[in-house]
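> My structure is stored as query04.pdb, with PDB, C-alpha atoms.
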```
ATOM      1  CA  MET A   1      19.077  -7.715 -19.487
ATOM      2  CA  PHE A   2      16.048  -8.278 -17.229
ATOM      3  CA  GLY A   3      16.719 -11.957 -16.544
ATOM      4  CA  ARG A   4      17.294 -11.584 -12.806
ATOM      5  CA  LEU A   5      14.287  -9.406 -12.053
ATOM      6  CA  ASN A   6      11.586 -10.629  -9.728
ATOM      7  CA  TYR A   7       8.594 -10.569 -12.067
ATOM      8  CA  GLY A   8       6.287 -12.003  -9.406
ATOM      9  CA  ASP A   9       6.249  -8.705  -7.518
ATOM     10  CA  VAL A  10       5.791  -6.209 -10.360
ATOM     11  CA  LEU A  11       2.239  -5.377  -9.251
ATOM     12  CA  SER A  12       3.154  -4.825  -5.601
ATOM     13  CA  ALA A  13       4.888  -1.450  -5.800
ATOM     14  CA  PRO A  14       2.771   1.405  -4.439
ATOM     15  CA  GLN A  15       1.084   3.652  -6.973
ATOM     16  CA  GLY A  16       3.187   6.559  -5.707
ATOM     17  CA  ILE A  17       6.345   4.780  -6.860
ATOM     18  CA  GLY A  18       4.979   3.735 -10.217
ATOM     19  CA  CYS A  19       2.535   0.852 -10.406
ATOM     20  CA  CYS A  20       0.308  -0.868  -9.279
ATOM     21  CA  ASP A  21      -0.497  -1.032  -5.543
ATOM     22  CA  PHE A  22      -1.653  -4.646  -5.362
ATOM     23  CA  GLN A  23      -1.008  -7.153  -2.504
ATOM     24  CA  LYS A  24      -2.040  -4.788   0.277
ATOM     25  CA  PRO A  25      -2.105  -5.733   3.972
ATOM     26  CA  SER A  26      -5.556  -5.861   5.547
ATOM     27  CA  GLN A  27      -6.749  -3.758   8.459
ATOM     28  CA  ASN A  28      -7.189  -7.001  10.363
ATOM     29  CA  LEU A  29      -3.510  -7.832   9.888
ATOM     30  CA  ALA A  30      -2.342  -4.411  11.057
ATOM     31  CA  ASN A  31      -4.583  -4.747  14.123
ATOM     32  CA  ALA A  32      -3.106  -8.174  14.891
ATOM     33  CA  TYR A  33       0.266  -6.583  15.690
ATOM     34  CA  LYS A  34      -1.160  -4.672  18.657
ATOM     35  CA  THR A  35       0.113  -5.806  22.048
ATOM     36  CA  GLY A  36      -1.322  -5.535  25.533
ATOM     37  CA  VAL A  37       0.245  -4.135  28.683
ATOM     38  CA  ASP A  38       1.944  -7.515  29.104
ATOM     39  CA  GLY A  39       3.624  -7.262  25.700
ATOM     40  CA  LEU A  40       1.682 -10.233  24.347
ATOM     41  CA  PRO A  41      -0.801 -10.395  21.451
ATOM     42  CA  MET A  42      -4.376  -9.274  22.114
ATOM     43  CA  PHE A  43      -5.811 -12.595  20.990
ATOM     44  CA  SER A  44      -9.519 -11.933  21.537
ATOM     45  CA  THR A  45      -9.710  -8.128  21.414
ATOM     46  CA  PHE A  46      -7.176  -7.081  18.745
ATOM     47  CA  ASN A  47      -9.859  -6.313  16.152
ATOM     48  CA  ASN A  48     -12.298  -4.484  18.446
ATOM     49  CA  ALA A  49     -10.769  -1.158  17.358
ATOM     50  CA  ASP A  50      -8.430  -0.296  14.510
ATOM     51  CA  LEU A  51      -4.752   0.273  15.139
ATOM     52  CA  ASP A  52      -3.709   3.767  16.159
ATOM     53  CA  ALA A  53       0.073   3.802  15.803
ATOM     54  CA  ASN A  54       0.288   6.896  17.986
ATOM     55  CA  VAL A  55      -1.554   5.234  20.866
ATOM     56  CA  ASN A  56      -1.280   1.452  20.711
ATOM     57  CA  THR A  57       1.780  -0.533  21.656
ATOM     58  CA  VAL A  58       2.808  -2.926  18.900
ATOM     59  CA  ASP A  59       5.025  -5.804  17.923
ATOM     60  CA  PRO A  60       7.992  -4.366  15.921
ATOM     61  CA  ARG A  61       7.153  -6.727  13.069
ATOM     62  CA  LEU A  62       4.313  -4.355  12.213
ATOM     63  CA  ASP A  63       6.771  -1.869  10.704
ATOM     64  CA  HIS A  64       8.795  -4.600   9.008
ATOM     65  CA  THR A  65       5.602  -5.755   7.297
ATOM     66  CA  VAL A  66       3.059  -2.954   6.855
ATOM     67  CA  ALA A  67       3.820   0.425   5.265
ATOM     68  CA  MET A  68       1.655   3.101   6.901
ATOM     69  CA  PRO A  69       1.320   6.815   6.102
ATOM     70  CA  GLY A  70       3.828   8.858   8.076
ATOM     71  CA  HIS A  71       6.161   5.906   8.577
ATOM     72  CA  ILE A  72       9.394   5.348   6.689
ATOM     73  CA  TRP A  73       9.543   3.327   3.501
ATOM     74  CA  LYS A  74      11.946   0.371   3.467
ATOM     75  CA  TYR A  75      14.196   1.571   6.301
ATOM     76  CA  ASP A  76      15.011   4.855   4.545
ATOM     77  CA  PRO A  77      14.428   7.720   7.048
ATOM     78  CA  ASN A  78      14.442  10.183   4.152
ATOM     79  CA  THR A  79      11.510   8.525   2.419
ATOM     80  CA  VAL A  80       8.154   8.723   4.177
ATOM     81  CA  TYR A  81       5.235   6.671   2.928
ATOM     82  CA  GLN A  82       2.309   8.899   1.937
ATOM     83  CA  VAL A  83      -1.453   8.485   1.618
ATOM     84  CA  SER A  84      -1.053   9.785  -1.951
ATOM     85  CA  TRP A  85       0.976   6.685  -2.841
ATOM     86  CA  ASN A  86      -2.211   4.608  -2.712
ATOM     87  CA  ARG A  87      -4.560   3.720  -5.542
ATOM     88  CA  SER A  88      -8.169   4.451  -4.507
ATOM     89  CA  PRO A  89      -7.465   4.571  -0.751
ATOM     90  CA  ASP A  90     -11.179   4.919  -0.013
ATOM     91  CA  VAL A  91     -11.648   1.442  -1.518
ATOM     92  CA  TYR A  92      -8.410  -0.403  -0.794
ATOM     93  CA  GLY A  93      -7.067   1.405   2.263
ATOM     94  CA  THR A  94      -3.726   3.121   2.803
ATOM     95  CA  PHE A  95      -1.400   0.229   3.617
ATOM     96  CA  ALA A  96       1.280  -1.360   1.431
ATOM     97  CA  SER A  97       3.512  -4.374   1.895
ATOM     98  CA  GLN A  98       7.095  -3.855   3.024
ATOM     99  CA  LYS A  99       7.942  -7.506   2.344
ATOM    100  CA  GLU A 100       7.913  -7.662  -1.482
ATOM    101  CA  ASN A 101       9.140  -4.134  -2.071
ATOM    102  CA  VAL A 102      12.466  -2.274  -2.101
ATOM    103  CA  LYS A 103      13.743   1.296  -1.794
ATOM    104  CA  ARG A 104      12.612   3.664  -4.543
ATOM    105  CA  SER A 105      16.087   3.743  -6.103
ATOM    106  CA  GLU A 106      16.210  -0.064  -6.376
ATOM    107  CA  TYR A 107      13.298  -0.608  -8.760
ATOM    108  CA  THR A 108      13.705  -1.353 -12.471
ATOM    109  CA  GLN A 109      10.924  -0.132 -14.739
ATOM    110  CA  LEU A 110       9.356  -2.670 -17.099
ATOM    111  CA  GLY A 111       6.881  -0.709 -19.191
ATOM    112  CA  PRO A 112       4.268   0.482 -16.686
ATOM    113  CA  PHE A 113       5.478  -1.975 -14.039
ATOM    114  CA  TYR A 114       8.256  -1.797 -11.424
ATOM    115  CA  ALA A 115      10.302  -4.918 -10.720
ATOM    116  CA  ASN A 116      13.187  -5.605  -8.351
ATOM    117  CA  THR A 117      16.038  -8.059  -7.852
ATOM    118  CA  LYS A 118      15.237  -8.877  -4.237
ATOM    119  CA  ASN A 119      15.805 -12.551  -3.442
ATOM    120  CA  LYS A 120      12.779 -14.720  -2.717
ATOM    121  CA  ILE A 121      13.155 -16.647   0.540
ATOM    122  CA  LEU A 122      11.566 -20.068   0.261
ATOM    123  CA  LEU A 123      12.463 -21.291   3.737
ATOM    124  CA  ARG A 124      13.938 -19.503   6.727
ATOM    125  CA  LEU A 125      14.977 -20.455  10.233
ATOM    126  CA  ALA A 126      11.863 -19.054  11.909
ATOM    127  CA  ASP A 127       9.742 -21.391   9.786
ATOM    128  CA  VAL A 128      11.759 -24.410  10.865
ATOM    129  CA  LEU A 129      11.586 -23.388  14.522
ATOM    130  CA  LEU A 130       7.833 -22.905  14.410
ATOM    131  CA  TRP A 131       7.281 -26.141  12.485
ATOM    132  CA  LYS A 132       9.036 -27.989  15.294
ATOM    133  CA  ALA A 133       7.126 -26.037  17.938
ATOM    134  CA  GLU A 134       3.827 -26.900  16.270
ATOM    135  CA  ALA A 135       4.693 -30.592  16.113
ATOM    136  CA  LEU A 136       5.658 -30.597  19.785
ATOM    137  CA  ILE A 137       2.413 -28.878  20.769
ATOM    138  CA  GLU A 138       0.300 -31.390  18.865
ATOM    139  CA  LEU A 139       2.248 -34.208  20.536
ATOM    140  CA  GLY A 140       1.317 -32.812  23.931
ATOM    141  CA  ARG A 141       4.855 -31.541  24.513
ATOM    142  CA  HIS A 142       3.881 -27.882  24.594
ATOM    143  CA  ASN A 143       6.385 -27.100  27.348
ATOM    144  CA  ASP A 144       9.177 -28.101  24.955
ATOM    145  CA  ALA A 145       7.746 -25.746  22.323
ATOM    146  CA  LEU A 146       7.904 -22.691  24.589
ATOM    147  CA  SER A 147      11.581 -21.885  24.057
ATOM    148  CA  LEU A 148      11.240 -22.191  20.273
ATOM    149  CA  ILE A 149       8.379 -19.705  20.087
ATOM    150  CA  ASN A 150      10.181 -17.390  22.485
ATOM    151  CA  GLN A 151      13.295 -17.573  20.322
ATOM    152  CA  VAL A 152      11.316 -16.106  17.425
ATOM    153  CA  ARG A 153       9.755 -13.443  19.663
ATOM    154  CA  THR A 154      13.127 -12.467  21.118
ATOM    155  CA  ARG A 155      14.487 -11.913  17.621
ATOM    156  CA  ALA A 156      11.469  -9.720  16.852
ATOM    157  CA  LYS A 157      12.002  -7.757  20.070
ATOM    158  CA  ASN A 158      15.592  -7.046  19.073
ATOM    159  CA  SER A 159      14.748  -5.965  15.515
ATOM    160  CA  THR A 160      14.093  -2.254  16.056
ATOM    161  CA  SER A 161      17.410  -0.636  15.091
ATOM    162  CA  LEU A 162      16.243   0.195  11.549
ATOM    163  CA  LEU A 163      12.767   1.319  12.583
ATOM    164  CA  LYS A 164      13.613   4.950  13.318
ATOM    165  CA  LEU A 165      12.428   8.214  11.798
ATOM    166  CA  SER A 166      14.901  10.866  10.640
ATOM    167  CA  ASN A 167      14.661  12.556  14.065
ATOM    168  CA  GLY A 168      15.854   9.363  15.765
ATOM    169  CA  ASN A 169      12.471   8.445  17.268
ATOM    170  CA  PHE A 170      11.023   4.989  16.739
ATOM    171  CA  GLU A 171       8.234   4.766  14.181
ATOM    172  CA  SER A 172       5.833   3.145  16.645
ATOM    173  CA  ASN A 173       5.478   2.344  20.352
ATOM    174  CA  TYR A 174       7.133  -1.063  20.545
ATOM    175  CA  LYS A 175       6.309  -3.458  23.358
ATOM    176  CA  ILE A 176       6.799  -7.178  22.949
ATOM    177  CA  GLU A 177       7.592  -9.815  25.531
ATOM    178  CA  THR A 178       8.229 -13.536  25.517
ATOM    179  CA  TYR A 179       5.713 -15.966  26.985
ATOM    180  CA  GLN A 180       6.474 -16.472  30.683
ATOM    181  CA  PRO A 181       4.253 -19.117  32.285
ATOM    182  CA  GLY A 182       2.990 -18.073  35.681
ATOM    183  CA  VAL A 183       3.911 -14.442  34.985
ATOM    184  CA  ASN A 184       2.033 -13.323  31.864
ATOM    185  CA  CYS A 185       0.318 -16.516  30.697
ATOM    186  CA  THR A 186      -0.791 -20.026  31.583
ATOM    187  CA  TRP A 187       1.016 -22.297  29.157
ATOM    188  CA  THR A 188      -1.517 -25.052  28.460
ATOM    189  CA  GLN A 189      -1.640 -27.017  25.212
ATOM    190  CA  ASP A 190      -4.582 -24.930  23.968
ATOM    191  CA  PHE A 191      -2.879 -21.661  24.821
ATOM    192  CA  ALA A 192       0.378 -22.831  23.237
ATOM    193  CA  ARG A 193      -1.480 -23.763  20.044
ATOM    194  CA  GLN A 194      -3.078 -20.311  19.932
ATOM    195  CA  ALA A 195       0.282 -18.637  20.552
ATOM    196  CA  LEU A 196       1.977 -20.724  17.860
ATOM    197  CA  ARG A 197      -0.637 -19.963  15.232
ATOM    198  CA  TRP A 198      -0.540 -16.255  16.070
ATOM    199  CA  GLU A 199       3.237 -16.263  15.862
ATOM    200  CA  ARG A 200       3.150 -17.781  12.387
ATOM    201  CA  ARG A 201       0.773 -15.068  11.249
ATOM    202  CA  LEU A 202       2.885 -12.195  12.552
ATOM    203  CA  GLU A 203       6.206 -13.650  11.428
ATOM    204  CA  PHE A 204       5.237 -14.688   7.897
ATOM    205  CA  ALA A 205       2.609 -12.083   7.010
ATOM    206  CA  MET A 206       2.648 -11.140   3.297
ATOM    207  CA  GLU A 207       4.959 -14.084   2.520
ATOM    208  CA  GLY A 208       2.255 -16.364   1.102
ATOM    209  CA  ASN A 209       1.904 -18.866   3.961
ATOM    210  CA  ARG A 210      -1.248 -17.776   5.745
ATOM    211  CA  PHE A 211      -3.942 -19.337   3.559
ATOM    212  CA  PHE A 212      -2.199 -22.699   3.507
ATOM    213  CA  ASP A 213      -1.808 -22.642   7.294
ATOM    214  CA  LEU A 214      -5.543 -22.010   7.702
ATOM    215  CA  VAL A 215      -6.361 -24.895   5.369
ATOM    216  CA  ARG A 216      -3.878 -27.200   7.084
ATOM    217  CA  TRP A 217      -5.380 -26.401  10.483
ATOM    218  CA  GLY A 218      -8.900 -27.093   9.169
ATOM    219  CA  VAL A 219     -10.184 -23.631  10.137
ATOM    220  CA  ALA A 220     -10.164 -21.803   6.792
ATOM    221  CA  ASP A 221     -13.936 -21.571   6.366
ATOM    222  CA  THR A 222     -14.700 -20.366   9.908
ATOM    223  CA  TYR A 223     -11.745 -18.016  10.096
ATOM    224  CA  LEU A 224     -12.133 -16.421   6.663
ATOM    225  CA  ASN A 225     -15.886 -15.915   6.839
ATOM    226  CA  ASN A 226     -15.498 -14.263  10.252
ATOM    227  CA  TYR A 227     -12.705 -12.157   8.769
ATOM    228  CA  PHE A 228     -14.855 -11.098   5.801
ATOM    229  CA  SER A 229     -17.799 -10.165   8.037
ATOM    230  CA  VAL A 230     -15.740  -7.407   9.694
ATOM    231  CA  GLU A 231     -13.183  -6.492   7.037
ATOM    232  CA  LYS A 232     -15.844  -5.798   4.388
ATOM    233  CA  THR A 233     -17.112  -2.940   6.572
ATOM    234  CA  LYS A 234     -13.675  -1.323   6.118
ATOM    235  CA  ARG A 235     -12.758  -2.409   2.582
ATOM    236  CA  THR A 236     -15.744  -2.155   0.261
ATOM    237  CA  TYR A 237     -14.279  -4.405  -2.439
ATOM    238  CA  LEU A 238     -14.854  -7.335  -0.059
ATOM    239  CA  LYS A 239     -18.604  -6.732   0.239
ATOM    240  CA  ASP A 240     -19.515  -9.985  -1.549
ATOM    241  CA  ALA A 241     -16.585 -12.077  -0.270
ATOM    242  CA  LYS A 242     -17.459 -15.567   0.938
ATOM    243  CA  PHE A 243     -15.467 -18.748   1.538
ATOM    244  CA  THR A 244     -17.154 -22.026   0.600
ATOM    245  CA  LYS A 245     -16.002 -24.995   2.644
ATOM    246  CA  ASN A 246     -14.770 -28.106   0.798
ATOM    247  CA  ARG A 247     -14.346 -26.104  -2.410
ATOM    248  CA  ASP A 248     -12.291 -22.989  -1.860
ATOM    249  CA  GLU A 249      -9.499 -24.805  -0.043
ATOM    250  CA  TYR A 250      -8.415 -26.159  -3.431
ATOM    251  CA  LEU A 251      -7.962 -25.052  -7.027
ATOM    252  CA  PRO A 252      -9.712 -26.953  -9.842
ATOM    253  CA  ILE A 253      -7.665 -29.586 -11.650
ATOM    254  CA  PRO A 254      -7.289 -28.567 -15.337
ATOM    255  CA  TYR A 255      -9.497 -30.703 -17.594
ATOM    256  CA  GLN A 256      -6.544 -31.508 -19.863
ATOM    257  CA  GLN A 257      -4.665 -33.025 -16.921
ATOM    258  CA  ILE A 258      -7.651 -35.216 -16.103
ATOM    259  CA  GLN A 259      -7.695 -36.373 -19.752
ATOM    260  CA  PHE A 260      -3.938 -37.014 -19.787
ATOM    261  CA  SER A 261      -4.338 -39.240 -16.719
ATOM    262  CA  HIS A 262      -7.133 -41.193 -18.461
ATOM    263  CA  ASN A 263      -9.513 -39.980 -15.739
ATOM    264  CA  LEU A 264      -7.359 -41.280 -12.904
ATOM    265  CA  TYR A 265      -7.370 -37.703 -11.622
ATOM    266  CA  LYS A 266     -10.729 -36.765 -10.134
ATOM    267  CA  GLN A 267     -11.923 -33.189 -10.078
ATOM    268  CA  ASN A 268     -11.817 -31.471  -6.720
ATOM    269  CA  PRO A 269     -15.177 -31.019  -4.950
ATOM    270  CA  GLY A 270     -17.217 -28.024  -5.992
ATOM    271  CA  TYR A 271     -15.914 -27.793  -9.567
ATOM    272  CA  THR A 272     -17.379 -29.158 -12.773
ATOM    273  CA  GLN A 273     -15.452 -30.781 -15.588
TER     274      GLN A 273
END
```
So, in terms of structure tokens, how does the structure I just supplied come out?


Amino acid sequence: MFGRLNYGDVLSAPQGIGCCDFQKPSQNLANAYKTGVDGLPMFSTFNNADLDANVNTVDPRLDHTVAMPGHIWKYDPNTVYQVSWNRSPDVYGTFASQKENVKRSEYTQLGPFYANTKNKILLRLADVLLWKAEALIELGRHNDALSLINQVRTRAKNSTSLLKLSNGNFESNYKIETYQPGVNCTWTQDFARQALRWERRLEFAMEGNRFFDLVRWGVADTYLNNYFSVEKTKRTYLKDAKFTKNRDEYLPIPYQQIQFSHNLYKQNPGYTQ
């Protein structure tokens, strides 16, 4: 009877719904959705101060991605996400993921866990558009990539109809604009690459792509260690976090698989047999 349940997300429901409050957005991620007066990301200053949803202007994808106290849960104006829904908020913070979760009435209890039947999206149009944009940028055709990135941003800009409180007000102060060379940006190859990588983060946050993007771009060690240096001051469970280059990009190959291949498989760097 439980054959169509999404077992991969049973730990992601907030503690206030049932169990278990895992897979929580970081403060860094929430801060990344802040926008400047031009409606563009705050590339270099986004993490200087933590998001204040009552003050900062933000990309609407913030509220599609991050559940925050006082904001609605899963587009239901009658259900407001509470600090009390969090497990050990002093340790793990007060955010939850909107991506893996569903409305309270749509969960199915499995013992202490709460599963759902929400479909898992393996590939969506925004991913294809941004793949093409990235390829064009790396080929030096960044001007051709502009419209593709802007297509994704325009969709985000127009995605606010469900982001309203019961009184009809928007949950946050939304301000997002497309990239307009000569008006709000200078569209060089380097800037386009930065914009593309930022767009992938905002669009696919909590969908399992981020780590693999960082590895693919060859920046995982620098990015993650810089991330840990600040985030551990806000989330104490990260106090000993460290990324080791040329090891942590990969998982170890199981010893049995190496044996089955008659040692044709070689263990990844940094791991012993």

> Would you pick out the contacts of region 215-225 of chain A at 7 Å or less, using all atoms listed in the file, so that residues sharing its chain but fewer than 4 positions from it are not included, and give the list as a PyMOL selection string?

chain A and resi 211+229+242-245+249

> Neighbours of Val37 (chain A) within 12 Å (only C-alpha atoms; same-chain residues fewer than 3 positions away dropped), as a PyMOL selection string?

chain A and resi 34+40-42+56-59+173-177+184

> Excluding Thr236 (chain A) and residues on its chain fewer than 3 positions from it, collect all residues at most 8 Å away from it, counting all atoms listed in the file, and give them as a compact mmCIF listing (two decimals) with C-alpha atoms, keeping the file's coordinate frame.


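Final output, result11.txt:
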```txt
# COMPACT_ATOMS: atom_id res chain seq x y z
CA VAL A 91 -11.65 1.44 -1.52
CA TYR A 92 -8.41 -0.40 -0.79
CA LYS A 232 -15.84 -5.80 4.39
CA THR A 233 -17.11 -2.94 6.57
CA LYS A 239 -18.60 -6.73 0.24
```

> A:Pro25, A:Pro181, A:Asn31, A:Gly208: which is nearest Ile121 (chain A), counting all atoms listed in the file?

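Checking each of A:Pro25, A:Pro181, A:Asn31, A:Gly208 against Ile121 (chain A), counting all atoms listed in the file, the winner is A:Gly208.
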
> With distances taken over all atoms listed in the file, which residue among A:Gly270, A:Leu165, A:Trp131, A:Thr94 lies nearest Lys234 (chain A)?

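Of A:Gly270, A:Leu165, A:Trp131, A:Thr94, the one nearest Lys234 (chain A), counting all atoms listed in the file, is A:Thr94.
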
> Could you pull the residues within 12 Å of Thr79 (chain A), counting all atoms listed in the file, minus those fewer than 6 positions along the same chain, as a list in words?

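Contacts, in chain order: Gly16, Ile17, Ala67, Pro69, Gly70, His71, Ile72, Trp73, Trp85, Val102, Lys103, Arg104, Ser105, Lys164, Leu165 and Ser166 of chain A.
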
> I'd like to know which of A:Asp90, A:Leu130, A:Ile253, A:Val10 is closest to Arg197 (chain A), using all atoms listed in the file.

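Under the stated criterion, the closest residue is A:Leu130.
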
> Go ahead and compute the interatomic distance for CA of Ser12 (chain A) and CA of Thr35 (chain A), in Å to one decimal.

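Distance between the two atoms: 27.8 Å.
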
> Please compute the CA of Asn268 (chain A)-CA of Leu238 (chain A) distance, one decimal, in Å.

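Atom-to-atom, CA of Asn268 (chain A) to CA of Leu238 (chain A), that is 25.2 Å.
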
> Leaving out Thr108 (chain A) and any residue of its chain fewer than 3 positions from it, which residues lie within 10 Å of it when counting all atoms listed in the file, given as a list in words?

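Selected residues are Phe2, Leu5, Asn6, Val10, Arg104, Ser105, Gly111, Phe113, Tyr114, Ala115, Asn116 and Thr117 of chain A.
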
> Identify which of the residues A:Thr178, A:Glu231, A:Gln259, A:Gln82 lies closest to Asn47 (chain A), counting only C-alpha atoms when measuring atom-to-atom distances.

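Closest residue, counting only C-alpha atoms: A:Glu231.
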
> Decode the PyMOL selection byres ((chain A and resi 22) around 9) for the given file into explicit residues and return them as number ranges by chain.

A: 11-15, 19-21, 23-24, 87, 96-97

> Interatomic distance between CA of Gly93 (chain A) and CA of Phe204 (chain A)?

21.0 Å

> Just so the selection is clear, what residues does the PyMOL selection byres ((chain A and resi 163) around 8) cover here, as a PyMOL selection string?

chain A and resi 63-64+72+75+160-162+164-165+170-171

> Could you dump the residues just selected with C-alpha atoms as an mmCIF file, keeping the file's coordinate frame?


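Full text of selection_18.cif as output:
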```cif
data_model
loop_
_atom_site.group_PDB
_atom_site.id
_atom_site.type_symbol
_atom_site.label_atom_id
_atom_site.label_comp_id
_atom_site.auth_asym_id
_atom_site.auth_seq_id
_atom_site.Cartn_x
_atom_site.Cartn_y
_atom_site.Cartn_z
ATOM 1 C CA ASP A 63 6.771 -1.869 10.704
ATOM 2 C CA HIS A 64 8.795 -4.600 9.008
ATOM 3 C CA ILE A 72 9.394 5.348 6.689
ATOM 4 C CA TYR A 75 14.196 1.571 6.301
ATOM 5 C CA THR A 160 14.093 -2.254 16.056
ATOM 6 C CA SER A 161 17.410 -0.636 15.091
ATOM 7 C CA LEU A 162 16.243 0.195 11.549
ATOM 8 C CA LYS A 164 13.613 4.950 13.318
ATOM 9 C CA LEU A 165 12.428 8.214 11.798
ATOM 10 C CA PHE A 170 11.023 4.989 16.739
ATOM 11 C CA GLU A 171 8.234 4.766 14.181
#
```

> Given the file above and the PyMOL selection byres ((chain A and resi 148) around 9), which residues are selected, and can you give them as a ChimeraX atom specification?

/A:126,129-130,132-133,144-147,149-153

> Given the choices A:Arg200, A:Tyr271, A:Pro89, A:Val230, which gets closest to Val128 (chain A) if the distance is worked out from all atoms listed in the file?

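So, comparing all the options, the nearest one is A:Arg200.
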
> In terms of the shortest atom-to-atom distance over all atoms listed in the file, which of A:Thr188, A:Gln109, A:Asn54, A:Gln98 is closest to Gly18 (chain A)?

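For Gly18 (chain A), the nearest of the given residues is A:Gln109.
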
> Would you output region 102-147 of chain A from that structure, restricted to C-alpha atoms, as a PDB file, in the first residue's frame?


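Below is the file out.pdb, written as the result:
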```pdb
ATOM      1  CA  VAL A 102       4.198  18.902   0.820  1.00  0.00           C
ATOM      2  CA  LYS A 103       1.186  20.356   2.632  1.00  0.00           C
ATOM      3  CA  ARG A 104       0.513  18.904   6.079  1.00  0.00           C
ATOM      4  CA  SER A 105      -2.553  17.012   4.841  1.00  0.00           C
ATOM      5  CA  GLU A 106      -0.558  15.298   2.072  1.00  0.00           C
ATOM      6  CA  TYR A 107       1.898  13.330   4.206  1.00  0.00           C
ATOM      7  CA  THR A 108       1.595   9.597   4.890  1.00  0.00           C
ATOM      8  CA  GLN A 109       2.970   8.386   8.208  1.00  0.00           C
ATOM      9  CA  LEU A 110       5.434   5.489   8.124  1.00  0.00           C
ATOM     10  CA  GLY A 111       6.162   4.677  11.751  1.00  0.00           C
ATOM     11  CA  PRO A 112       7.906   7.792  13.081  1.00  0.00           C
ATOM     12  CA  PHE A 113       8.554   9.104   9.565  1.00  0.00           C
ATOM     13  CA  TYR A 114       6.437  11.165   7.144  1.00  0.00           C
ATOM     14  CA  ALA A 115       6.567  10.330   3.442  1.00  0.00           C
ATOM     15  CA  ASN A 116       4.820  11.821   0.420  1.00  0.00           C
ATOM     16  CA  THR A 117       3.894  10.937  -3.152  1.00  0.00           C
ATOM     17  CA  LYS A 118       5.382  14.045  -4.734  1.00  0.00           C
ATOM     18  CA  ASN A 119       7.047  13.295  -8.070  1.00  0.00           C
ATOM     19  CA  LYS A 120      10.824  13.567  -8.292  1.00  0.00           C
ATOM     20  CA  ILE A 121      11.926  15.758 -11.198  1.00  0.00           C
ATOM     21  CA  LEU A 122      15.115  14.431 -12.740  1.00  0.00           C
ATOM     22  CA  LEU A 123      15.417  17.014 -15.499  1.00  0.00           C
ATOM     23  CA  ARG A 124      13.513  20.215 -16.164  1.00  0.00           C
ATOM     24  CA  LEU A 125      13.551  22.909 -18.813  1.00  0.00           C
ATOM     25  CA  ALA A 126      15.505  25.419 -16.727  1.00  0.00           C
ATOM     26  CA  ASP A 127      18.337  22.894 -16.452  1.00  0.00           C
ATOM     27  CA  VAL A 128      18.472  22.445 -20.212  1.00  0.00           C
ATOM     28  CA  LEU A 129      18.421  26.200 -20.798  1.00  0.00           C
ATOM     29  CA  LEU A 130      21.230  26.818 -18.336  1.00  0.00           C
ATOM     30  CA  TRP A 131      23.292  23.908 -19.665  1.00  0.00           C
ATOM     31  CA  LYS A 132      23.169  25.523 -23.095  1.00  0.00           C
ATOM     32  CA  ALA A 133      23.924  28.954 -21.644  1.00  0.00           C
ATOM     33  CA  GLU A 134      26.950  27.573 -19.814  1.00  0.00           C
ATOM     34  CA  ALA A 135      28.281  25.903 -22.952  1.00  0.00           C
ATOM     35  CA  LEU A 136      27.868  29.120 -24.926  1.00  0.00           C
ATOM     36  CA  ILE A 137      29.682  31.136 -22.263  1.00  0.00           C
ATOM     37  CA  GLU A 138      32.627  28.744 -22.207  1.00  0.00           C
ATOM     38  CA  LEU A 139      32.769  28.922 -26.012  1.00  0.00           C
ATOM     39  CA  GLY A 140      33.106  32.689 -25.804  1.00  0.00           C
ATOM     40  CA  ARG A 141      29.544  33.197 -27.038  1.00  0.00           C
ATOM     41  CA  HIS A 142      28.312  34.801 -23.836  1.00  0.00           C
ATOM     42  CA  ASN A 143      26.098  37.256 -25.715  1.00  0.00           C
ATOM     43  CA  ASP A 144      24.111  34.290 -27.048  1.00  0.00           C
ATOM     44  CA  ALA A 145      23.703  32.984 -23.491  1.00  0.00           C
ATOM     45  CA  LEU A 146      22.102  36.192 -22.213  1.00  0.00           C
ATOM     46  CA  SER A 147      18.570  35.486 -23.430  1.00  0.00           C
TER      47      SER A 147
END
```
